[in-house]
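Data block for query-v9.csv (CSV, C-alpha atoms and all ligand atoms):
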chain,number,residue,atom,x,y,z
A,237,MET,CA,-8.9,-62.0,-3.3
A,238,PRO,CA,-8.7,-62.2,-0.4
A,239,SER,CA,-8.1,-58.5,0.2
A,240,ASN,CA,-7.9,-56.7,3.5
A,241,ARG,CA,-9.0,-53.5,1.7
A,242,ILE,CA,-12.6,-54.8,1.6
A,243,LEU,CA,-14.7,-53.9,4.6
A,244,LEU,CA,-17.7,-56.1,5.4
A,245,VAL,CA,-20.6,-56.1,7.9
A,246,PRO,CA,-23.4,-58.6,8.0
A,247,GLY,CA,-27.0,-57.7,7.1
A,248,ASN,CA,-30.3,-59.3,8.0
A,249,HIS,CA,-30.1,-61.6,5.0
A,250,ASP,CA,-26.7,-62.9,6.2
A,251,VAL,CA,-28.3,-64.5,9.2
A,252,CYS,CA,-29.0,-68.2,8.3
A,253,LEU,CA,-32.6,-68.7,9.7
A,254,PRO,CA,-32.5,-72.6,9.7
A,255,PHE,CA,-29.3,-72.4,11.8
A,256,ALA,CA,-31.0,-69.7,14.0
A,257,ALA,CA,-33.8,-72.1,14.7
A,258,ALA,CA,-31.5,-74.9,15.7
A,259,PRO,CA,-32.0,-74.3,19.5
A,260,ARG,CA,-35.6,-75.5,19.1
A,261,ILE,CA,-34.8,-78.8,17.4
A,262,GLY,CA,-34.7,-82.0,19.4
A,263,LEU,CA,-33.9,-85.5,18.3
A,264,ARG,CA,-36.1,-88.5,19.4
A,265,GLY,CA,-33.5,-91.2,19.1
A,266,LYS,CA,-35.6,-94.3,19.2
A,267,GLN,CA,-38.2,-92.9,16.7
A,268,LYS,CA,-35.4,-91.4,14.6
A,269,THR,CA,-37.4,-88.2,14.2
A,270,PHE,CA,-36.9,-84.6,15.0
A,271,THR,CA,-39.2,-82.4,17.1
A,272,LEU,CA,-39.6,-78.7,17.1
A,273,GLY,CA,-39.7,-77.3,20.7
A,274,ARG,CA,-42.1,-74.7,21.8
A,275,GLU,CA,-41.1,-71.1,21.0
A,276,GLU,CA,-40.6,-70.2,24.6
A,277,ASP,CA,-38.3,-73.2,25.3
A,278,ASN,CA,-35.5,-71.8,23.3
A,279,GLY,CA,-33.5,-75.0,24.0
A,280,ARG,CA,-29.7,-74.6,23.7
A,281,ALA,CA,-29.5,-70.9,23.1
A,282,GLU,CA,-25.8,-71.0,22.4
A,283,LEU,CA,-26.5,-72.8,19.1
A,284,ARG,CA,-28.0,-69.7,17.7
A,285,ALA,CA,-24.6,-68.1,17.1
A,286,TYR,CA,-24.1,-70.7,14.3
A,287,ALA,CA,-26.6,-68.6,12.2
A,288,LEU,CA,-23.7,-66.3,11.4
A,289,LEU,CA,-21.3,-69.1,10.3
A,290,PRO,CA,-22.1,-68.9,6.6
A,291,TYR,CA,-21.4,-65.1,6.7
A,292,LEU,CA,-18.1,-65.6,8.6
A,293,GLU,CA,-16.9,-68.2,6.1
A,294,PHE,CA,-17.7,-65.8,3.3
A,295,ALA,CA,-15.9,-63.0,5.1
A,296,ARG,CA,-12.9,-65.3,5.6
A,297,ARG,CA,-12.7,-65.9,1.9
A,298,ILE,CA,-13.1,-62.2,1.0
A,299,VAL,CA,-11.0,-60.5,3.7
A,300,GLY,CA,-8.7,-63.3,4.8
A,301,GLU,CA,-8.5,-65.1,8.2
A,302,ALA,CA,-5.5,-63.1,9.4
A,303,SER,CA,-7.1,-59.7,8.8
A,304,LEU,CA,-10.4,-60.8,10.4
A,305,LYS,CA,-8.5,-61.9,13.5
A,306,ALA,CA,-6.2,-58.8,13.6
A,307,THR,CA,-9.1,-56.3,13.4
A,308,CYS,CA,-11.7,-58.1,15.6
A,309,VAL,CA,-12.6,-56.2,18.8
A,310,THR,CA,-15.4,-58.4,20.0
A,311,GLY,CA,-14.9,-59.2,23.7
A,312,THR,CA,-13.1,-62.3,24.9
A,313,SER,CA,-16.0,-63.5,27.0
A,314,ASP,CA,-18.1,-66.4,25.8
A,315,SER,CA,-21.2,-64.2,25.8
A,316,LEU,CA,-23.5,-65.1,23.0
A,317,ASP,CA,-24.3,-61.4,22.6
A,318,GLU,CA,-20.7,-60.6,22.0
A,319,SER,CA,-20.1,-63.4,19.5
A,320,GLU,CA,-23.1,-62.1,17.5
A,321,SER,CA,-21.7,-58.6,17.3
A,322,ILE,CA,-18.8,-59.1,14.9
A,323,ALA,CA,-17.2,-55.8,15.7
A,324,TRP,CA,-13.9,-54.7,14.1
A,325,VAL,CA,-11.6,-51.7,13.8
A,326,VAL,CA,-9.4,-51.3,10.7
A,327,ASP,CA,-6.4,-49.2,11.5
A,328,GLN,CA,-4.3,-49.8,8.4
A,329,PHE,CA,-5.2,-46.4,6.8
A,330,ARG,CA,-4.4,-44.3,9.8
A,331,HIS,CA,-1.3,-43.0,8.1
A,332,LEU,CA,-3.8,-41.5,5.5
A,333,GLY,CA,-5.7,-39.8,8.4
A,334,ILE,CA,-8.7,-42.3,8.5
A,335,VAL,CA,-9.8,-45.3,10.5
A,336,PHE,CA,-12.8,-47.5,10.0
A,337,TYR,CA,-14.9,-49.5,12.4
A,338,GLY,CA,-17.9,-51.8,11.7
A,339,LEU,CA,-20.3,-54.1,13.5
A,340,ASN,CA,-23.3,-56.3,13.2
A,341,THR,CA,-26.7,-54.6,13.7
A,342,ALA,CA,-28.7,-57.7,12.5
A,343,ARG,CA,-29.0,-59.1,16.0
A,344,PRO,CA,-30.0,-60.5,18.4
A,345,ILE,CA,-30.5,-63.7,16.4
A,346,ASP,CA,-34.0,-65.1,17.1
A,347,PRO,CA,-34.7,-68.9,16.9
A,348,ASN,CA,-38.4,-68.0,16.1
A,349,SER,CA,-38.2,-65.1,13.7
A,350,LEU,CA,-36.0,-62.7,11.7
A,351,PRO,CA,-33.1,-61.2,13.6
A,352,GLY,CA,-33.5,-58.0,15.5
A,353,ARG,CA,-31.9,-54.6,14.7
A,354,ARG,CA,-30.2,-53.9,18.0
A,355,VAL,CA,-26.7,-52.6,18.3
A,356,HIS,CA,-24.7,-54.2,21.2
A,357,ALA,CA,-23.7,-51.3,23.5
A,358,HIS,CA,-20.8,-53.3,24.9
A,359,SER,CA,-19.4,-53.8,21.4
A,360,LEU,CA,-19.5,-50.1,20.8
A,361,ASN,CA,-17.4,-49.7,24.0
A,362,HIS,CA,-14.9,-52.3,22.7
A,363,ILE,CA,-14.6,-50.3,19.4
A,364,LYS,CA,-14.1,-47.1,21.4
A,365,GLU,CA,-11.4,-48.7,23.5
A,366,ARG,CA,-9.5,-49.9,20.3
A,367,LEU,CA,-9.9,-46.5,18.7
A,368,GLN,CA,-8.4,-44.8,21.7
A,369,LEU,CA,-5.4,-47.2,21.9
A,370,ARG,CA,-3.4,-45.3,19.4
A,371,PRO,CA,-2.3,-41.7,20.1
A,372,PRO,CA,-3.9,-38.9,18.0
A,373,MET,CA,-2.0,-37.9,14.9
A,374,ARG,CA,0.0,-34.6,14.9
A,375,GLY,CA,-0.3,-33.7,18.5
A,376,THR,CA,-4.0,-33.3,19.3
A,377,GLU,CA,-5.4,-34.0,15.9
A,378,GLN,CA,-7.7,-37.0,15.5
A,379,PRO,CA,-8.0,-39.1,12.4
A,380,ILE,CA,-11.3,-39.2,10.6
A,381,VAL,CA,-13.4,-42.0,12.0
A,382,VAL,CA,-15.8,-43.8,9.6
A,383,GLY,CA,-18.4,-46.3,10.9
A,384,LEU,CA,-20.1,-49.1,9.0
A,385,ALA,CA,-23.2,-51.2,9.7
A,386,HIS,CA,-26.2,-52.6,7.9
A,387,HIS,CA,-28.9,-50.5,9.5
A,388,CYS,CA,-29.2,-46.7,10.0
A,389,PRO,CA,-27.8,-45.7,13.4
A,390,LEU,CA,-30.2,-42.8,13.7
A,391,SER,CA,-33.9,-43.0,14.5
A,392,GLY,CA,-35.9,-44.1,11.4
A,393,GLU,CA,-39.4,-45.2,10.4
A,394,GLY,CA,-40.5,-48.8,10.5
A,395,ASP,CA,-37.6,-51.3,10.3
A,396,ARG,CA,-35.2,-48.8,8.6
A,397,SER,CA,-33.0,-48.1,11.7
A,398,VAL,CA,-31.6,-49.8,14.7
A,399,THR,CA,-34.1,-50.1,17.6
A,400,ASN,CA,-31.7,-48.5,20.1
A,401,PRO,CA,-30.4,-45.4,18.3
A,402,LEU,CA,-29.6,-43.8,21.7
A,403,ASP,CA,-26.7,-46.2,22.2
A,404,PHE,CA,-25.2,-45.0,18.9
A,405,ARG,CA,-25.8,-41.4,19.9
A,406,THR,CA,-23.9,-41.9,23.2
A,407,PHE,CA,-21.1,-43.6,21.2
A,408,PHE,CA,-21.0,-40.9,18.6
A,409,SER,CA,-20.5,-38.2,21.2
A,410,GLY,CA,-17.6,-40.1,22.8
A,411,ASP,CA,-13.9,-39.7,22.0
A,412,PRO,CA,-13.0,-40.0,19.1
A,413,MET,CA,-16.2,-38.8,17.4
A,414,THR,CA,-17.5,-40.6,14.4
A,415,ALA,CA,-17.4,-38.2,11.4
A,416,LEU,CA,-19.1,-40.4,8.8
A,417,PHE,CA,-21.3,-43.5,9.0
A,418,LEU,CA,-22.2,-45.7,6.1
A,419,HIS,CA,-25.2,-48.1,6.0
A,420,GLY,CA,-27.6,-49.9,3.7
A,421,HIS,CA,-30.7,-52.0,4.3
A,422,ALA,CA,-33.3,-49.6,2.9
A,423,HIS,CA,-32.1,-49.8,-0.7
A,424,GLU,CA,-32.5,-46.1,-0.9
A,425,ARG,CA,-30.0,-43.3,-1.7
A,426,GLY,CA,-29.7,-40.5,0.9
A,427,PHE,CA,-27.3,-38.4,2.9
A,428,LYS,CA,-28.2,-37.0,6.3
A,429,TYR,CA,-26.3,-34.6,8.6
A,430,GLU,CA,-27.2,-34.7,12.2
A,431,GLU,CA,-25.8,-32.6,15.1
A,432,GLY,CA,-26.8,-33.4,18.6
A,433,GLY,CA,-25.6,-33.2,22.2
A,434,GLY,CA,-21.9,-33.6,21.7
A,435,TYR,CA,-21.9,-35.3,18.3
A,436,ARG,CA,-21.9,-34.3,14.6
A,437,VAL,CA,-22.2,-37.0,12.0
A,438,VAL,CA,-22.7,-37.4,8.3
A,439,VAL,CA,-24.8,-40.5,7.5
A,440,SER,CA,-24.8,-42.0,4.1
A,441,SER,CA,-27.4,-44.5,2.9
A,442,ALA,CA,-26.4,-46.6,-0.1
A,443,PRO,CA,-28.9,-47.9,-2.6
A,444,SER,CA,-28.2,-51.4,-3.9
A,445,PRO,CA,-26.5,-52.0,-7.2
A,446,THR,CA,-28.4,-55.3,-7.9
A,447,VAL,CA,-31.7,-55.7,-6.0
A,448,ARG,CA,-34.7,-56.3,-8.3
A,449,ALA,CA,-37.6,-53.9,-8.6
A,450,ASP,CA,-40.2,-55.7,-6.4
A,451,LYS,CA,-37.7,-55.8,-3.6
A,452,ARG,CA,-37.0,-52.0,-3.7
A,453,LEU,CA,-39.0,-49.1,-2.3
A,454,GLU,CA,-41.4,-47.4,-4.7
A,455,ASP,CA,-39.7,-44.9,-7.1
A,456,THR,CA,-36.2,-46.0,-6.1
A,457,LEU,CA,-33.5,-47.1,-8.6
A,458,ARG,CA,-30.5,-49.4,-8.4
A,459,GLY,CA,-27.3,-47.6,-7.8
A,460,PHE,CA,-24.4,-46.8,-5.5
A,461,ALA,CA,-22.9,-44.0,-3.5
A,462,MET,CA,-19.7,-42.2,-4.2
A,463,ILE,CA,-17.8,-40.5,-1.4
A,464,GLU,CA,-14.6,-38.6,-1.9
A,465,LEU,CA,-12.2,-37.5,0.9
A,466,GLU,CA,-9.9,-34.7,-0.1
A,467,ARG,CA,-6.6,-34.5,1.6
A,468,GLU,CA,-4.0,-31.7,2.0
A,469,VAL,CA,-0.6,-32.5,3.3
A,470,GLY,CA,-1.6,-35.9,4.4
A,471,ARG,CA,-4.7,-34.7,6.3
A,472,VAL,CA,-8.4,-35.2,5.3
A,473,THR,CA,-9.9,-31.7,4.9
A,474,ARG,CA,-13.1,-32.2,2.9
A,475,LEU,CA,-15.8,-34.7,2.1
A,476,ARG,CA,-17.8,-34.8,-1.1
A,477,GLN,CA,-20.6,-37.2,-1.8
A,478,TRP,CA,-23.0,-38.0,-4.6
A,479,HIS,CA,-24.8,-41.0,-6.2
A,480,TYR,CA,-25.0,-42.9,-9.4
A,481,GLU,CA,-28.3,-44.6,-10.4
A,482,TRP,CA,-29.3,-47.0,-13.3
A,483,SER,CA,-32.0,-45.3,-15.3
A,484,SER,CA,-33.2,-47.0,-18.5
A,485,HIS,CA,-29.9,-49.0,-18.8
A,486,VAL,CA,-27.8,-45.8,-18.4
A,487,LEU,CA,-25.7,-45.1,-15.3
A,488,GLU,CA,-26.5,-41.5,-14.4
A,489,LYS,CA,-24.8,-39.2,-11.9
A,490,ARG,CA,-27.2,-37.7,-9.4
A,491,GLY,CA,-26.0,-34.3,-8.2
A,492,PRO,CA,-25.0,-31.8,-7.3
A,493,ALA,CA,-22.5,-33.3,-4.9
A,494,THR,CA,-22.9,-32.3,-1.3
A,495,SER,CA,-19.8,-31.0,0.3
A,496,TYR,CA,-18.5,-30.8,3.9
A,497,ARG,CA,-15.4,-29.3,5.4
A,498,ARG,CA,-13.4,-30.7,8.3
A,499,THR,CA,-13.6,-29.3,11.8
A,500,PRO,CA,-10.6,-29.2,14.2
A,501,GLU,CA,-12.0,-32.2,16.2
A,502,GLY,CA,-12.2,-34.4,13.2
A,503,THR,CA,-15.8,-34.2,12.1
A,504,PHE,CA,-17.5,-32.6,9.1
A,505,VAL,CA,-19.8,-29.6,8.8
A,506,PRO,CA,-21.8,-28.7,5.6
A,507,GLU,CA,-20.2,-26.1,3.3
A,508,PRO,CA,-22.4,-23.3,2.2
B,601,FE,FE,-31.3,-55.5,5.0

Just give me the structure of the file as structure tokens.
Amino acid sequence: MPSNRILLVPGNHDVCLPFAAAPRIGLRGKQKTFTLGREEDNGRAELRAYALLPYLEFARRIVGEASLKATCVTGTSDSLDESESIAWVVDQFRHLGIVFYGLNTARPIDPNSLPGRRVHAHSLNHIKERLQLRPPMRGTEQPIVVGLAHHCPLSGEGDRSVTNPLDFRTFFSGDPMTALFLHGHAHERGFKYEEGGGYRVVVSSAPSPTVRADKRLEDTLRGFAMIELEREVGRVTRLRQWHYEWSSHVLEKRGPATSYRRTPEGTFVPEP
């Protein structure tokens, strides 16, 4: 550590709520006391971005300052929405036929409550622009694009997914297409394959390796997801995925593995 091979995105528990509430706090100098403003006042809204400071310091220690700066695609404006988005593109594995992107879905930060689950459409555009900067590999062939965020990008029940999945769908159907998307939050294992108007994406939900029973959904175990990308002559041709779960102190493989083959445009379709 630090290692630029570790990819990080913030989750809802990475948003520091006392810092998020800072815009509501006022100081009464003479009395030497603090006041909490009314919810609707929202005071100095720009302070709310400090709620991500503990996460950013952690990311700096794990990934390294230079890597964070080099991969950041958040816009250069001072917009609070942009600074909350923490969007990045990691291009260092392109020679292996794969690129990664990630962004914060635990936003907007709310001075009065838990953060929202809304992806910033402009940040998706910044990611798209960065992905398009480099020419495709081998003539017209695209690398495999893998996305990463805390919440599920597709529609989901309750608080399981982002609140604006349509923005993700629009992005998924753009160029280049996202082949695989990884997320957490629900502490539940699962793989989904979704085809829609102009997109085709495999979505992997990872269980947590550590979360205790009362914080997990009923009948779910601790565990993690395994994803294997097979390559032939330097080109990703197949995806296989399966899970491991802790059951009575034994780590068990959950199968059978699901398998997908690559399409010419750089996405995956299920294998029979
Ligand atoms: Fe979460």

(request) Tell me which protein, DNA and RNA residues are within 6 Å of region 472-484 of chain A, counting all atoms listed in the file, leaving out same-chain ones fewer than 5 positions away, and put them as a list of chain:residue names. (result)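 My reading of the contact set: A:Arg458, A:Gly459, A:Phe460, A:Ala461, A:Met462, A:Ile463, A:Glu464, A:Leu465, A:Glu466, A:Arg467, A:Lys489, A:Arg490, A:Gly491, A:Ala493, A:Thr494, A:Ser495, A:Tyr496, A:Arg497, A:Arg498.
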
(message) I'd like the neighbourhood of region 299-312 of chain A as a list in words, where a residue qualifies if any of its atoms comes within 7 Å (using only C-alpha atoms), though same-chain residues fewer than 4 positions away should be ignored.
(response)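 What passes the distance filter is Pro238, Ser239, Asn240, Ile242, Ala295, Glu318, Ser319, Ser321, Ile322, Ala323, Trp324, Val325, Val326, Ser359, His362 and Ile363 of chain A.
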
Selection file, C-alpha atoms, as a PDB file, in the frame of the given file:
ATOM      1  CA  PRO A 238      -8.700 -62.200  -0.400  1.00  0.00           C
ATOM      2  CA  SER A 239      -8.100 -58.500   0.200  1.00  0.00           C
ATOM      3  CA  ASN A 240      -7.900 -56.700   3.500  1.00  0.00           C
ATOM      4  CA  ILE A 242     -12.600 -54.800   1.600  1.00  0.00           C
ATOM      5  CA  ALA A 295     -15.900 -63.000   5.100  1.00  0.00           C
ATOM      6  CA  GLU A 318     -20.700 -60.600  22.000  1.00  0.00           C
ATOM      7  CA  SER A 319     -20.100 -63.400  19.500  1.00  0.00           C
ATOM      8  CA  SER A 321     -21.700 -58.600  17.300  1.00  0.00           C
ATOM      9  CA  ILE A 322     -18.800 -59.100  14.900  1.00  0.00           C
ATOM     10  CA  ALA A 323     -17.200 -55.800  15.700  1.00  0.00           C
ATOM     11  CA  TRP A 324     -13.900 -54.700  14.100  1.00  0.00           C
ATOM     12  CA  VAL A 325     -11.600 -51.700  13.800  1.00  0.00           C
ATOM     13  CA  VAL A 326      -9.400 -51.300  10.700  1.00  0.00           C
ATOM     14  CA  SER A 359     -19.400 -53.800  21.400  1.00  0.00           C
ATOM     15  CA  HIS A 362     -14.900 -52.300  22.700  1.00  0.00           C
ATOM     16  CA  ILE A 363     -14.600 -50.300  19.400  1.00  0.00           C
TER      17      ILE A 363
END

(request) Could you give me, as number ranges by chain, the residues within 8 Å of Leu253 (chain A), counting only C-alpha atoms and dropping anything in the same chain fewer than 2 positions from it? (result) A: 251, 255-257, 287, 347, 349-350

(message) Using Å and a single decimal, report how far CA of Leu418 (chain A) sits from CA of Glu501 (chain A).
(response)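 Computing it gives 19.7 Å between the two atoms.
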
(message) With distances taken over all atoms listed in the file, which residue among A:Glu430, A:Glu488, A:Glu424, A:Asp411 lies nearest ligand FE 601 (chain B)?
(response) A:Glu424

(request) Tell me, in Å to one decimal, how far CA of His421 (chain A) is from CA of Pro506 (chain A). (result) 25.0 Å

Could I get the residues of chain A with an atom no further than 10 Å from an atom of ligand FE 601 (chain B), each paired with its nearest atom pair and that distance in Å to one decimal, using all atoms listed in the file, sorted by chain and residue number, as a Markdown table?
| residue | atom | partner | partner_atom | distance |
| --- | --- | --- | --- | --- |
| A:Pro246 | CA | B:FE601 | FE | 9.0 |
| A:Gly247 | CA | B:FE601 | FE | 5.3 |
| A:Asn248 | CA | B:FE601 | FE | 4.9 |
| A:His249 | CA | B:FE601 | FE | 6.2 |
| A:Asp250 | CA | B:FE601 | FE | 8.8 |
| A:Thr341 | CA | B:FE601 | FE | 9.9 |
| A:Ala342 | CA | B:FE601 | FE | 8.2 |
| A:Arg353 | CA | B:FE601 | FE | 9.8 |
| A:His386 | CA | B:FE601 | FE | 6.5 |
| A:His387 | CA | B:FE601 | FE | 7.1 |
| A:Asp395 | CA | B:FE601 | FE | 9.2 |
| A:Arg396 | CA | B:FE601 | FE | 8.5 |
| A:His419 | CA | B:FE601 | FE | 9.6 |
| A:Gly420 | CA | B:FE601 | FE | 6.8 |
| A:His421 | CA | B:FE601 | FE | 3.6 |
| A:Ala422 | CA | B:FE601 | FE | 6.6 |
| A:His423 | CA | B:FE601 | FE | 8.1 |

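When all atoms listed in the file are used to compute distances to Val469 (chain A), the closest of the residues A:Arg297, A:Lys428, A:His331, A:Lys266 turns out to be A:His331.
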
(message) So, with all atoms listed in the file as the atoms that count, which of A:Pro445, A:Phe336, A:Val438, A:Ser397 lies closest to Leu367 (chain A)?
(response)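 Checking each of A:Pro445, A:Phe336, A:Val438, A:Ser397 against Leu367 (chain A), counting all atoms listed in the file, the winner is A:Phe336.
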
(request) Could you check which of A:Ile261, A:Val382, A:Tyr435, A:Asp327 is closest to Leu416 (chain A), using only C-alpha atoms? (result)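 Ranking A:Ile261, A:Val382, A:Tyr435, A:Asp327 by distance to Leu416 (chain A), first place goes to A:Val382.
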
(request) Give me, please, the distance in Å between CA of Phe270 (chain A) and CA of Leu283 (chain A), quoted to one decimal. (result) 16.3 Å

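You can rank A:Gly502, A:Gly470, A:Arg448, A:Ile334 by their closest distance to Met413 (chain A) using only C-alpha atoms, and at the top of that list sits A:Gly502.
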
(message) Just checking: using all atoms listed in the file, which residue out of A:Thr269, A:Pro344, A:Gly394, A:Arg241 ends up closest to Gln328 (chain A)?
(response) A:Arg241

(message) Could you list, as a ChimeraX atom specification, every residue within 9 Å of Gly333 (chain A), counting all atoms listed in the file and ignoring same-chain residues fewer than 4 positions away?
(response) /A:329,373,378-381,467,470-472
